[in-house]
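The file work-v4.tsv contains TSV, C-alpha atoms and all ligand atoms:
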chain	number	residue	atom	x	y	z
A	1	MET	CA	8.26	149.92	-115.82
A	2	THR	CA	11.37	147.74	-116.20
A	3	ASP	CA	13.16	146.53	-119.30
A	4	THR	CA	13.82	142.83	-119.67
A	5	ILE	CA	16.07	141.33	-122.33
A	6	VAL	CA	14.74	138.06	-123.73
A	7	PRO	CA	15.85	136.02	-126.73
A	8	ARG	CA	13.78	137.06	-129.75
A	9	SER	CA	13.57	133.41	-130.81
A	10	THR	CA	11.49	132.30	-127.80
A	11	MET	CA	8.93	135.09	-128.10
A	12	GLY	CA	5.50	133.92	-129.14
A	13	ARG	CA	6.42	130.28	-128.53
A	14	THR	CA	3.71	128.87	-126.30
A	15	VAL	CA	4.22	126.11	-123.75
A	16	ILE	CA	1.55	124.45	-121.63
A	17	LEU	CA	2.54	123.67	-118.05
A	18	GLY	CA	0.61	121.89	-115.32
A	19	VAL	CA	0.56	119.30	-112.56
A	20	ILE	CA	-1.34	116.22	-113.70
A	21	GLY	CA	-3.86	114.03	-111.92
A	22	SER	CA	-4.82	114.61	-108.29
A	23	ASP	CA	-1.42	116.06	-107.46
A	24	ALA	CA	-1.47	119.37	-105.54
A	25	HIS	CA	2.27	120.23	-105.37
A	26	VAL	CA	2.39	123.76	-106.76
A	27	VAL	CA	5.83	125.15	-105.90
A	28	GLY	CA	7.79	123.44	-108.69
A	29	ILE	CA	5.54	124.58	-111.54
A	30	THR	CA	5.39	128.09	-110.12
A	31	ILE	CA	9.18	128.26	-110.31
A	32	LEU	CA	9.16	126.73	-113.78
A	33	GLU	CA	6.53	129.21	-114.95
A	34	HIS	CA	8.62	132.18	-113.83
A	35	ALA	CA	11.81	130.78	-115.36
A	36	LEU	CA	10.15	130.00	-118.71
A	37	SER	CA	8.45	133.40	-118.83
A	38	ALA	CA	11.74	135.13	-118.03
A	39	ALA	CA	13.32	133.19	-120.91
A	40	GLY	CA	10.68	134.66	-123.23
A	41	PHE	CA	8.21	131.80	-123.61
A	42	ASP	CA	4.45	132.39	-123.48
A	43	VAL	CA	3.46	130.10	-120.63
A	44	VAL	CA	-0.05	128.80	-120.05
A	45	ASN	CA	0.01	127.45	-116.49
A	46	LEU	CA	-2.91	125.11	-115.85
A	47	GLY	CA	-2.00	124.81	-112.18
A	48	VAL	CA	-2.39	121.71	-110.04
A	49	LYS	CA	-4.84	118.80	-110.39
A	50	SER	CA	-5.03	119.15	-114.16
A	51	SER	CA	-6.60	116.43	-116.28
A	52	GLN	CA	-5.22	115.04	-119.52
A	53	ASP	CA	-8.14	116.67	-121.32
A	54	GLU	CA	-7.18	120.06	-119.90
A	55	PHE	CA	-3.62	119.69	-121.21
A	56	VAL	CA	-4.87	118.70	-124.67
A	57	ALA	CA	-7.55	121.42	-124.80
A	58	ALA	CA	-5.06	124.12	-123.76
A	59	ALA	CA	-2.46	122.97	-126.27
A	60	THR	CA	-5.09	123.06	-129.00
A	61	GLU	CA	-6.56	126.41	-128.02
A	62	HIS	CA	-3.20	128.14	-127.67
A	63	GLU	CA	-1.49	126.38	-130.59
A	64	ALA	CA	1.25	125.34	-128.19
A	65	GLU	CA	4.56	123.88	-129.25
A	66	ALA	CA	5.30	122.06	-126.02
A	67	VAL	CA	3.44	120.40	-123.17
A	68	LEU	CA	5.26	120.20	-119.84
A	69	VAL	CA	3.75	117.82	-117.30
A	70	SER	CA	4.74	117.89	-113.65
A	71	SER	CA	4.06	115.16	-111.11
A	72	MET	CA	5.39	114.95	-107.57
A	73	TYR	CA	3.30	112.50	-105.61
A	74	GLY	CA	4.44	109.26	-107.21
A	75	HIS	CA	1.50	108.43	-109.48
A	76	ALA	CA	2.76	109.92	-112.73
A	77	ARG	CA	2.65	106.67	-114.68
A	78	GLN	CA	-1.04	106.10	-114.02
A	79	ASP	CA	-1.91	109.77	-114.52
A	80	CYS	CA	-0.03	109.98	-117.85
A	81	GLU	CA	-1.30	106.71	-119.27
A	82	GLY	CA	-3.09	107.51	-122.53
A	83	LEU	CA	-2.00	111.16	-122.68
A	84	HIS	CA	-0.06	110.71	-125.91
A	85	GLU	CA	-2.96	108.93	-127.57
A	86	ARG	CA	-5.15	111.93	-126.72
A	87	ILE	CA	-2.50	114.31	-128.05
A	88	SER	CA	-2.29	112.32	-131.25
A	89	ASP	CA	-6.09	112.06	-131.59
A	90	ALA	CA	-6.27	115.86	-131.31
A	91	GLY	CA	-3.82	116.16	-134.21
A	92	LEU	CA	-1.27	118.01	-132.10
A	93	ASP	CA	2.40	118.16	-133.00
A	94	VAL	CA	3.95	119.10	-129.66
A	95	VAL	CA	7.11	118.33	-127.77
A	96	THR	CA	6.24	116.62	-124.47
A	97	TYR	CA	8.25	116.69	-121.25
A	98	VAL	CA	7.47	115.14	-117.89
A	99	GLY	CA	9.29	115.93	-114.68
A	100	GLY	CA	9.28	115.78	-110.91
A	101	ASN	CA	9.09	112.89	-108.47
A	102	LEU	CA	7.83	110.43	-111.02
A	103	ALA	CA	7.85	107.18	-109.10
A	104	VAL	CA	7.16	106.13	-105.56
A	105	GLY	CA	10.17	105.97	-103.25
A	106	GLN	CA	13.83	105.58	-104.20
A	107	ASP	CA	13.62	104.32	-107.75
A	108	ASP	CA	16.22	103.74	-110.45
A	109	PHE	CA	15.85	106.90	-112.53
A	110	ASP	CA	17.21	105.26	-115.69
A	111	GLN	CA	14.35	102.80	-115.45
A	112	THR	CA	11.87	105.63	-114.81
A	113	ARG	CA	13.18	107.56	-117.81
A	114	ALA	CA	12.83	104.48	-120.02
A	115	THR	CA	9.27	103.94	-118.80
A	116	PHE	CA	8.16	107.48	-119.61
A	117	GLU	CA	10.01	107.59	-122.93
A	118	ALA	CA	8.20	104.40	-123.89
A	119	MET	CA	4.93	106.20	-123.08
A	120	GLY	CA	5.86	108.84	-125.64
A	121	PHE	CA	7.53	111.65	-123.69
A	122	ASP	CA	10.37	113.34	-125.55
A	123	ARG	CA	12.25	114.13	-122.34
A	124	VAL	CA	12.04	112.97	-118.74
A	125	PHE	CA	13.38	115.04	-115.83
A	126	ASP	CA	13.94	114.14	-112.19
A	127	ALA	CA	13.21	116.27	-109.13
A	128	GLU	CA	16.78	117.63	-109.08
A	129	THR	CA	16.20	119.41	-112.38
A	130	ASP	CA	17.07	123.08	-112.53
A	131	PRO	CA	14.62	125.09	-114.69
A	132	SER	CA	17.55	126.18	-116.88
A	133	GLU	CA	17.91	122.55	-118.05
A	134	ALA	CA	14.31	122.49	-119.25
A	135	ILE	CA	14.78	125.83	-121.01
A	136	ALA	CA	17.96	124.65	-122.74
A	137	ALA	CA	16.20	121.46	-123.84
A	138	LEU	CA	13.24	123.41	-125.21
A	139	GLU	CA	15.54	125.71	-127.14
A	140	ARG	CA	17.15	122.64	-128.71
A	141	ASP	CA	13.95	120.71	-129.34
A	142	LEU	CA	12.07	123.70	-130.79
A	143	GLN	CA	15.20	124.60	-132.78
A	144	LEU	CA	15.46	128.04	-131.26
A	145	THR	CA	18.67	129.97	-131.26
A	146	SER	CA	19.42	132.61	-128.70
A	147	GLY	CA	22.45	134.49	-129.92
A	148	GLU	CA	23.05	137.94	-128.47
A	149	SER	CA	22.09	139.56	-131.77
A	150	GLU	CA	18.66	138.01	-131.45
A	151	THR	CA	17.67	139.47	-128.10
A	152	VAL	CA	14.92	142.04	-127.74
A	153	ARG	CA	14.07	144.53	-124.99
A	154	VAL	CA	10.58	144.12	-123.51
A	155	ASN	CA	8.79	146.61	-121.28
A	156	THR	CA	7.17	144.86	-118.29
B	1	LIG	C1	5.66	120.77	-99.83
B	1	LIG	C2	5.28	119.32	-100.02
B	1	LIG	C3	3.92	118.99	-99.87
B	1	LIG	C4	2.83	120.03	-99.63
B	1	LIG	C5	2.47	120.66	-100.99
B	1	LIG	C6	2.00	122.10	-100.83
B	1	LIG	C7	1.74	122.72	-102.17
B	1	LIG	N1	0.54	123.26	-102.33
B	1	LIG	O1	2.57	122.71	-103.05
B	1	LIG	C8	1.70	119.15	-99.02
B	1	LIG	C9	1.89	119.08	-97.53
B	1	LIG	C10	0.27	119.57	-99.35
B	1	LIG	C11	2.06	117.78	-99.62
B	1	LIG	C12	1.14	116.75	-99.76
B	1	LIG	C13	1.49	115.48	-100.18
B	1	LIG	N2	2.74	115.03	-100.44
B	1	LIG	CO1	4.30	116.21	-100.58
B	1	LIG	N3	5.95	117.08	-100.50
B	1	LIG	C14	6.25	118.34	-100.32
B	1	LIG	C15	7.79	118.49	-100.35
B	1	LIG	C16	8.28	118.57	-98.90
B	1	LIG	C17	8.36	119.67	-101.12
B	1	LIG	C18	7.82	119.85	-102.56
B	1	LIG	C19	8.28	121.19	-103.06
B	1	LIG	O2	7.54	122.17	-103.02
B	1	LIG	N4	9.57	121.28	-103.52
B	1	LIG	C20	10.17	122.52	-103.97
B	1	LIG	C21	10.05	122.66	-105.51
B	1	LIG	C22	10.79	123.92	-105.96
B	1	LIG	O3	10.70	121.57	-106.09
B	1	LIG	P1	9.95	120.47	-106.93
B	1	LIG	O4	8.51	120.41	-106.54
B	1	LIG	O5	10.74	119.21	-106.82
B	1	LIG	O6	9.98	120.99	-108.44
B	1	LIG	C23	11.22	121.14	-109.13
B	1	LIG	C24	11.69	119.86	-109.84
B	1	LIG	O7	11.05	118.69	-109.37
B	1	LIG	C25	11.43	120.10	-111.27
B	1	LIG	N5	10.15	119.73	-111.87
B	1	LIG	C26	8.94	119.47	-111.29
B	1	LIG	N6	8.03	119.20	-112.21
B	1	LIG	C27	8.64	119.31	-113.43
B	1	LIG	C28	8.15	119.16	-114.73
B	1	LIG	C29	9.02	119.34	-115.81
B	1	LIG	C30	8.52	119.16	-117.19
B	1	LIG	C31	10.38	119.70	-115.57
B	1	LIG	C32	11.30	119.92	-116.70
B	1	LIG	C33	10.86	119.85	-114.27
B	1	LIG	C34	9.98	119.66	-113.21
B	1	LIG	O8	11.54	121.52	-111.41
B	1	LIG	C35	10.99	122.13	-110.26
B	1	LIG	C36	11.67	123.47	-110.05
B	1	LIG	O9	13.05	123.31	-109.86
B	1	LIG	C37	8.22	117.15	-101.05
B	1	LIG	C38	9.59	116.60	-100.65
B	1	LIG	C39	10.70	117.25	-101.39
B	1	LIG	N7	11.72	117.67	-100.68
B	1	LIG	O10	10.61	117.41	-102.62
B	1	LIG	C40	7.08	116.21	-100.65
B	1	LIG	C41	6.73	115.04	-101.53
B	1	LIG	C42	6.73	115.46	-103.00
B	1	LIG	N8	5.36	114.74	-101.13
B	1	LIG	C43	5.11	113.47	-101.10
B	1	LIG	C44	3.86	112.88	-100.77
B	1	LIG	C45	3.80	111.37	-100.68
B	1	LIG	C46	2.73	113.66	-100.52
B	1	LIG	C47	1.32	113.16	-100.19
B	1	LIG	C48	0.84	111.98	-101.04
B	1	LIG	C49	1.34	112.82	-98.69
B	1	LIG	C50	0.04	112.21	-98.17
B	1	LIG	N9	0.09	110.92	-97.92
B	1	LIG	O11	-0.95	112.91	-98.04
B	1	LIG	C51	0.47	114.41	-100.37
B	1	LIG	C52	-0.11	114.51	-101.80
B	1	LIG	C53	-1.19	115.55	-101.85
B	1	LIG	C54	-1.58	115.83	-103.29
B	1	LIG	N10	-2.85	115.64	-103.61
B	1	LIG	O12	-0.75	116.22	-104.08
B	1	LIG	C55	6.32	112.65	-101.48
B	1	LIG	C56	6.22	112.00	-102.85
B	1	LIG	C57	6.85	110.63	-102.80
B	1	LIG	C58	7.09	109.98	-104.11
B	1	LIG	N11	6.85	110.57	-105.26
B	1	LIG	O13	7.56	108.89	-104.04
B	1	LIG	C59	7.49	113.67	-101.29
B	1	LIG	C60	8.69	113.46	-102.21
B	1	LIG	C61	7.95	113.55	-99.81
B	1	LIG	C62	8.62	112.24	-99.52
B	1	LIG	N12	9.94	112.19	-99.50
B	1	LIG	O14	7.98	111.25	-99.31
B	1	LIG	N13	3.38	117.73	-99.96

Mind converting the file's structure to structure tokens?
Ligand code: B12
Amino acid sequence: MTDTIVPRSTMGRTVILGVIGSDAHVVGITILEHALSAAGFDVVNLGVKSSQDEFVAAATEHEAEAVLVSSMYGHARQDCEGLHERISDAGLDVVTYVGGNLAVGQDDFDQTRATFEAMGFDRVFDAETDPSEAIAALERDLQLTSGESETVRVNT
């Protein structure tokens, strides 16, 4: 058994993570899952080839506070079309992030960010994103603080 120190503030905060559409790239979300778990979040990893309905159902079932969508194969816009309407129809109040290789080829990322923000995503990340950036953003967006006095030792 090992002891792990995690911020008390992230404990019990559930995030849904998955690769949307027909996309089968699994390495990025596996790394993200480990990083988020190590930071203290409860992570529900839907894996690859996840449908919009699966994201919404998992967020509902687990009372999640954030939905993190990954897409690597260049079809994110089509795969994410309508996701926020479904989230809204389900009555969910969640922070939504999308990240990865979101467009085909060498695109202008500012344009890509604008496109996905217009679709309703709170934050848009490119494929150079380090997991620590997503964690820092979640801590800000979920208004979590992680001062040293708020850490807790967990047996794993
Ligand atoms: C390995 C790989 C494959 C493997 C996947 C194996 C597997 N089971 O995972 C195989 C060979 C199966 C494959 C298939 C295909 N691939 Co491929 N693949 C790659 C490759 C070489 C590496 C991906 C990887 O694992 N990176 C390592 C991880 C750690 O990094 P990452 O995935 O980028 O994830 C990080 C960040 O992106 C970010 N991130 C990712 N998602 C999210 C989400 C959020 C919310 C946040 C905050 C951050 C975040 O954080 C992650 C951790 O740091 C990339 C090229 C590249 N160098 O990226 C091409 C690449 C992604 N593939 C590509 C393509 C085109 C395909 C295919 C369509 C090819 C084909 N014609 O069949 C198919 C699609 C199959 C499918 N249904 O998905 C293209 C996509 C092009 C585009 N978007 O414009 C790429 C970029 C190659 C290229 N330069 O053309 N691929």

Margin query: as a ChimeraX atom specification, please: every protein or nucleic acid residue near ligand LIG 1 (chain B) (cut-off 6 Å, counting only C-alpha atoms and all ligand atoms).
Written below: /A:22-29,31-32,68-74,97-105,125,127-131,134

Margin query: Could you check which residues have any atom within 12 Å of (0.1, 130.6, -121.1), counting all atoms listed in the file with coordinates taken straight from the file, and then list them as a ChimeraX atom specification?
Written below: /A:12-18,33-34,36-37,40-47,55,58-59,61-68

Next item on the list: Counting only C-alpha atoms, note down every residue that has an atom within 8 Å of the point (-2.3, 120.9, -134.8) (file coordinates), as an MDAnalysis selection string.
Entry: chainID A and resid 60 63 90:93

Notebook entry, point to check: What is the distance between atom CA of A:Ser132 and atom CA of A:Val19, in Å to one decimal?
Noted result: 18.8 Å

Item checked: Point-to-point distance in Å for atom CA of A:Asp53 and atom CA of A:Ala136 -> 27.3 Å
